[in-house]
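Working notes for the structure below.
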Amino acid sequence: MKCFNLRALARNGLYLSVLCVLLLSTGCALFRSKDHASPAFVNKPLVWDPQIIQGELDNGLRYLAYPSNNTQDGLRLRLLVGAGSVHETDQQIGVAHMLEHMVFHETDDYPDGIHTWLAQQGWQTGREINALTQQTRTKYMLRIPADSDVSLERGMNLLANMAVKAHLKADDWQQERSLVLGEWRRFDSHRAAINEQKRAVIRAGSAFINRPTIGNYTAIRNASVSDLRSFYQRWYIPANMTLIVSGNFSSDNLMQALEKEFSSLKNPADVSQVIAQAKAALTLPKNQRLVTGRVSPASSEATPMLVLGLKSSIKRDRDLLADRSRLIDNLIRKLLIQQALQQRAGLPSEIQSLSLRADELTPHTRAMTIAVRSEDPKTSMDQILQQLAVLRQHGFSQSLFGVVQEKILTQIDRLIKRNNRPDYLTWEDRLVTAVVQQKVAEDLNLRYPRIRQFIAELTLDQVNQYLQNNWLLDDDVFIYLQADDSVSWSAPDQGSWTALWQQTRKLPVLAVVQKNNHAKEKAQVLPDWPAVSTPSYKTERHRAKRWQYSPTNKGESGSEVREWQLTNGDRLVWWPVGDSLNLQAVSRAGYQMQGIRSDLSQLAQQLGAQSGLKGWSQQQWQNSLVTHGGAGFWQQTPASLNWMHAGKASNLPLWLRQYRALVEQGWVSDDAWEQGRKALARQIQTSGQQQTLEQQQRSQFIYGSDATPLSQQANANVSKADLEALWQQQLRQPVTWYLVGKLDEEQLLQNFARYIEPVSRKSDLYSAPVLQRSGQHRMSFSAEGLNDDVRIRYQLRAYRQQTWSPQLAKQIEHLAPLVQKALKQRLRTELGGVYSVDYRLTLDPQTDRLESQLSFVAAPSQAEMLADEVIKVLQQLPDRLPDYQPASRSQFPRLMSRVMSHLKLRALIQSDLAKDDGQWLRQWSSLEQDSAQPDADELINTKKLKEISGQLLPLPERVELFWQEN
């Protein structure tokens, strides 16, 4: 066993000695390239962070581990198997993914199946355990909570059983096959076909072609268990695996578990050949030629897009020289993106869009792409040649380079100021990235200063020279047109492309990129924000005294909710708890309003939100938000319009100023209107098509006479001014401002007096919710004449009148996932009819309705049977509902810390809407303490939830729909 514990070597004074040996073994030659190194540059191997334990077992299995030595940390294990869909033969399409499913069945140490053992532990797929098949590898992931009885050794035992000890029985495959088909039915076949067409051009001649990870219907139906065994025995070998461990364990414990679970695993006699073939499948052939093709558009109305790509090699050595190359590669990626953004305003009117970007196709190959949208492919090609001419003749401009370089240095400075001690979750991600991208996970406290110095000393001439030598190469090129067949295009052949490439060296440069200079760029000042005044106010006349909430958490003194009525009609509701600030502005400008079409309400809101301020370009608006607390998030529901922000409390005046500016100078820009006009035109174009008619029929089936069909004539008469007026009307509606976070009360009121009270309000929008019709209705459906490769969507919508209360709302929130588990257990595990079930159950305080939505995709022959089973499960819930198991907060510490303040905000809003004087807040207080109060234990437990499920479900008023998905 080869093992390097860098931390142990450092403790014993051997670290520097080992490093010197490594450096001497490389020769440490002076690097004199003019691209990005000075004559004095000495190349050295990159050094792993000494906290990492890494090594290789005698059988070739590689391991990387980070021991946190923190008892509050859980354990994360990932097994990366170098076997994906690119390793399949033509007779094994989709087998890598099928095998990922099958290794959870019977194994040497789990005769009842790993799924059964996991269920006994209360573990869930997607939470504690997960697996993912990709084109290049398959990943198996374990997330063991800190309070779990499952040990590191047990975790490794599970992975070892999946890796080489699965029995792969024929009867298990017959059961699992239907689930794999169910997963296949969930995929967007149209988008998958488009991606495959692109792949055929971009990765021509490689093993990536015609290897979709999900497989296809025919391949899944025809695959035998012997096909799975053949793939398993060929590729699932220890020399083709890497194990990553992070969390609370000791190095001794790690080595003992590795020795017990993995060291005895054997490789085949031809292991060297297998590993060579595995690596060869990941490479792209050097075509030395031009590859062209056509790709179907995402939709029939999409503007044709012409794409040119230049492929080149990436240096992947684990040394300083290769690391510098990767840093310049990253800089060039950013420069390309910014160069395209800089040109938007100066593009010819016939060019709809331009993008410059770079993507890694494999760890060793990248592609720089230029994509242009216009109605005429020739116009697009002319623009592509212009972009190439700029890059080949001039490279990047000094002004652009200076801006991007400065941004990168600023980002690095922020990273250096941080306490660069990644937690065990971050280390898990870092180690996976290091393996996948063939990098070294260095000590960040050493890496960041080094790369800062390199970026700071880098010159534009070095970057442009590197661009010419390593990126702008014409020996491996692809070009494709994404358009429907009605668009005429003659793809260039090799000879004509060579001539075009040569022209770019002398083509007159018309683009605006080279005309810019740093002085001009600095002179481009953003338009002024609207001026605001500071009116006087009196605190006492604003204060309301409705709230009776008293804090339940220790240390929450003074955290009572406070409410004010503002002079312009707005309300301010503030709960001063938590260090971060969450804000949500709520008005009743939803998309279901009296006298206004819901689709136009949504379109006006979307276009207005992206337009920014009157007279500003969208880019100016986005740039200005960087210095004004970031962009707020808009959300429009049937009955409300919400504007949300989260961050530091010091950002509050910036957010309020941003909102004030939008209300007073909000508009619909010409660019946004162009998008809206096309959306309306598409509605007119498709209003008579079968798919749209079916959508209208489904809407009528759900809502009855309240569902209003679209009018072609109404769409034709909609103007930019109409949408702009509607957006301004939405912004003028009175708002309730909800805030959660600690603030100085005096400053809070001053900010609202300055920015919000001067906003003039007009309450002239009235909610007209479209509600589901009463009764029980099932849409007629027949599977006659439909093959089982057809996707049938089933949807159940149901409701009952139910008075809202904070207690019941809390119970419903915990009941919903248990109902989903019961449905999944019956429909997936027992019947094998679906891959997943989407289920939602909510109690609406505004309508006093308990509402549910359920949907899944199934084969035509099973759709109605499964729909019947749904109703049966809901009728039998007290017997079928699984036990309630509270999730440990320590299981997802980063997630919980992120969402806690949002949960408080939601609780505040619910309490206000229900006028319950803070009862809902008391329920959420126990969540923050991670310990329920005695009355909460009585409220949320298995017995109580089963009792509620029997009383309330199934919901009596329901509609059931079936339709065929493309």
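Letters A, B, ... mark the chains of the structure tokens in the order given; residue numbers begin at 1 per chain; ligand numbers begin at 1, in order shown.
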Could you give me, as JSON, numbers by chain, the residues within 7 Å of Thr138 in chain A, counting only C-alpha atoms and dropping anything in the same chain fewer than 2 positions from it? {"A": [80, 81, 82, 83, 84, 132, 133, 134, 140]}
Restricting it to all heavy atoms, dump the selection as an mmCIF file, in the first residue's frame.
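That gives us out_13.cif:
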```
data_model
loop_
_atom_site.group_PDB
_atom_site.id
_atom_site.type_symbol
_atom_site.label_atom_id
_atom_site.label_comp_id
_atom_site.auth_asym_id
_atom_site.auth_seq_id
_atom_site.Cartn_x
_atom_site.Cartn_y
_atom_site.Cartn_z
ATOM 1 N N LEU A 80 -15.632 7.259 -7.013
ATOM 2 C CA LEU A 80 -15.651 7.626 -8.423
ATOM 3 C C LEU A 80 -15.143 6.438 -9.230
ATOM 4 O O LEU A 80 -13.999 6.003 -9.054
ATOM 5 C CB LEU A 80 -14.774 8.851 -8.677
ATOM 6 C CG LEU A 80 -14.989 10.078 -7.776
ATOM 7 C CD1 LEU A 80 -14.097 11.228 -8.223
ATOM 8 C CD2 LEU A 80 -16.446 10.502 -7.775
ATOM 9 N N VAL A 81 -15.988 5.924 -10.100
ATOM 10 C CA VAL A 81 -15.640 4.791 -10.955
ATOM 11 C C VAL A 81 -15.434 5.320 -12.369
ATOM 12 O O VAL A 81 -16.327 5.986 -12.917
ATOM 13 C CB VAL A 81 -16.737 3.712 -10.938
ATOM 14 C CG1 VAL A 81 -16.297 2.495 -11.771
ATOM 15 C CG2 VAL A 81 -17.051 3.287 -9.512
ATOM 16 N N GLY A 82 -14.288 5.033 -12.936
ATOM 17 C CA GLY A 82 -13.991 5.516 -14.283
ATOM 18 C C GLY A 82 -14.725 4.737 -15.346
ATOM 19 O O GLY A 82 -14.103 4.165 -16.257
ATOM 20 N N ALA A 83 -16.038 4.702 -15.242
ATOM 21 C CA ALA A 83 -16.871 3.958 -16.190
ATOM 22 C C ALA A 83 -18.158 4.730 -16.417
ATOM 23 O O ALA A 83 -18.997 4.828 -15.515
ATOM 24 C CB ALA A 83 -17.184 2.558 -15.657
ATOM 25 N N GLY A 84 -18.310 5.289 -17.595
ATOM 26 C CA GLY A 84 -19.522 6.016 -17.959
ATOM 27 C C GLY A 84 -20.025 5.533 -19.308
ATOM 28 O O GLY A 84 -19.584 4.501 -19.828
ATOM 29 N N LEU A 132 -24.846 8.847 -9.490
ATOM 30 C CA LEU A 132 -24.985 9.635 -10.707
ATOM 31 C C LEU A 132 -24.117 9.036 -11.803
ATOM 32 O O LEU A 132 -22.914 8.841 -11.605
ATOM 33 C CB LEU A 132 -24.560 11.086 -10.441
ATOM 34 C CG LEU A 132 -24.515 12.030 -11.655
ATOM 35 C CD1 LEU A 132 -25.917 12.262 -12.194
ATOM 36 C CD2 LEU A 132 -23.860 13.349 -11.271
ATOM 37 N N THR A 133 -24.739 8.761 -12.949
ATOM 38 C CA THR A 133 -23.993 8.283 -14.104
ATOM 39 C C THR A 133 -23.765 9.437 -15.068
ATOM 40 O O THR A 133 -24.700 10.154 -15.419
ATOM 41 C CB THR A 133 -24.757 7.166 -14.837
ATOM 42 O OG1 THR A 133 -25.048 6.117 -13.916
ATOM 43 C CG2 THR A 133 -23.931 6.603 -15.983
ATOM 44 N N GLN A 134 -22.520 9.604 -15.466
ATOM 45 C CA GLN A 134 -22.156 10.622 -16.449
ATOM 46 C C GLN A 134 -21.528 9.940 -17.655
ATOM 47 O O GLN A 134 -21.340 8.725 -17.665
ATOM 48 C CB GLN A 134 -21.182 11.627 -15.821
ATOM 49 C CG GLN A 134 -21.756 12.364 -14.622
ATOM 50 C CD GLN A 134 -20.712 13.199 -13.907
ATOM 51 O OE1 GLN A 134 -19.622 12.732 -13.601
ATOM 52 N NE2 GLN A 134 -21.048 14.451 -13.646
ATOM 53 N N TYR A 140 -20.796 7.409 -6.713
ATOM 54 C CA TYR A 140 -21.631 6.908 -5.624
ATOM 55 C C TYR A 140 -21.307 7.740 -4.387
ATOM 56 O O TYR A 140 -20.133 7.892 -4.016
ATOM 57 C CB TYR A 140 -21.366 5.426 -5.370
ATOM 58 C CG TYR A 140 -21.713 4.562 -6.556
ATOM 59 C CD1 TYR A 140 -20.750 4.232 -7.504
ATOM 60 C CD2 TYR A 140 -23.012 4.113 -6.754
ATOM 61 C CE1 TYR A 140 -21.068 3.457 -8.609
ATOM 62 C CE2 TYR A 140 -23.346 3.340 -7.859
ATOM 63 C CZ TYR A 140 -22.368 3.021 -8.784
ATOM 64 O OH TYR A 140 -22.692 2.267 -9.892
#
```
All helix (DSSP H, G or I) positions in range 148-186 of chain A, as a ChimeraX atom specification: /A:152-164,170-186
Who sits within 12 Å of Val271 in chain A, only C-alpha atoms, same chain under 2 positions skipped, as a list in words: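 Selected residues are Asn59, Gly60, Gln233, Arg234, Trp235, Tyr236, Ile237, Pro238, Ala239, Asn240, Lys266, Asn267, Pro268, Ala269, Gln273, Val274, Ile275, Ala276, Gln277 and Ala278 of chain A.
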Running DSSP on the backbone, which parts of range 68-178 of chain A land in strand (DSSP E or B), as a ChimeraX atom specification? /A:75-81,107,125,129-133,138-144,166
Please list as an MDAnalysis selection string every residue within 6 Å of range 786-792 of chain A, counting only C-alpha atoms and excluding residues in the same chain fewer than 3 positions away. chainID A and resid 185 783 857:860 963:965
Keeping only N, CA, C and O atoms, write the selected residues to a file as an mmCIF file, in the first residue's frame.
```
data_model
loop_
_atom_site.group_PDB
_atom_site.id
_atom_site.type_symbol
_atom_site.label_atom_id
_atom_site.label_comp_id
_atom_site.auth_asym_id
_atom_site.auth_seq_id
_atom_site.Cartn_x
_atom_site.Cartn_y
_atom_site.Cartn_z
ATOM 1 N N ARG A 185 -38.516 8.220 -19.246
ATOM 2 C CA ARG A 185 -39.704 8.976 -19.664
ATOM 3 C C ARG A 185 -39.683 10.413 -19.133
ATOM 4 O O ARG A 185 -40.370 11.279 -19.672
ATOM 5 N N ALA A 783 -55.431 4.004 -23.917
ATOM 6 C CA ALA A 783 -54.080 3.648 -24.351
ATOM 7 C C ALA A 783 -54.075 2.913 -25.680
ATOM 8 O O ALA A 783 -53.009 2.536 -26.173
ATOM 9 N N VAL A 857 -45.058 10.650 -14.753
ATOM 10 C CA VAL A 857 -45.059 10.216 -16.144
ATOM 11 C C VAL A 857 -45.018 8.697 -16.156
ATOM 12 O O VAL A 857 -44.242 8.082 -15.412
ATOM 13 N N ALA A 858 -45.833 8.097 -16.996
ATOM 14 C CA ALA A 858 -45.924 6.639 -17.041
ATOM 15 C C ALA A 858 -46.136 6.154 -18.465
ATOM 16 O O ALA A 858 -46.389 6.956 -19.384
ATOM 17 N N ALA A 859 -46.056 4.838 -18.634
ATOM 18 C CA ALA A 859 -46.362 4.222 -19.923
ATOM 19 C C ALA A 859 -47.871 4.257 -20.145
ATOM 20 O O ALA A 859 -48.650 4.194 -19.183
ATOM 21 N N PRO A 860 -48.334 4.356 -21.396
ATOM 22 C CA PRO A 860 -49.775 4.398 -21.663
ATOM 23 C C PRO A 860 -50.536 3.212 -21.066
ATOM 24 O O PRO A 860 -51.637 3.378 -20.542
ATOM 25 N N TRP A 963 -52.384 13.411 -20.404
ATOM 26 C CA TRP A 963 -52.044 13.916 -21.728
ATOM 27 C C TRP A 963 -50.698 13.362 -22.172
ATOM 28 O O TRP A 963 -49.882 12.944 -21.358
ATOM 29 N N GLN A 964 -50.504 13.372 -23.454
ATOM 30 C CA GLN A 964 -49.283 12.830 -24.038
ATOM 31 C C GLN A 964 -48.226 13.916 -24.125
ATOM 32 O O GLN A 964 -48.475 15.001 -24.641
ATOM 33 N N GLU A 965 -47.027 13.622 -23.604
ATOM 34 C CA GLU A 965 -45.926 14.569 -23.672
ATOM 35 C C GLU A 965 -45.007 14.214 -24.828
ATOM 36 O O GLU A 965 -44.830 13.042 -25.162
#
```
Distance query range 97-104 of chain A at most 9 Å, only C-alpha atoms, self and fewer than 5 positions along chain excluded, as a VMD selection string: chain A and resid 84 to 85 113 to 116 131 to 134 138 to 140 161 to 169 172 to 173 176 to 177 179 to 180 213 to 215 220 223 228 to 229 231 to 232
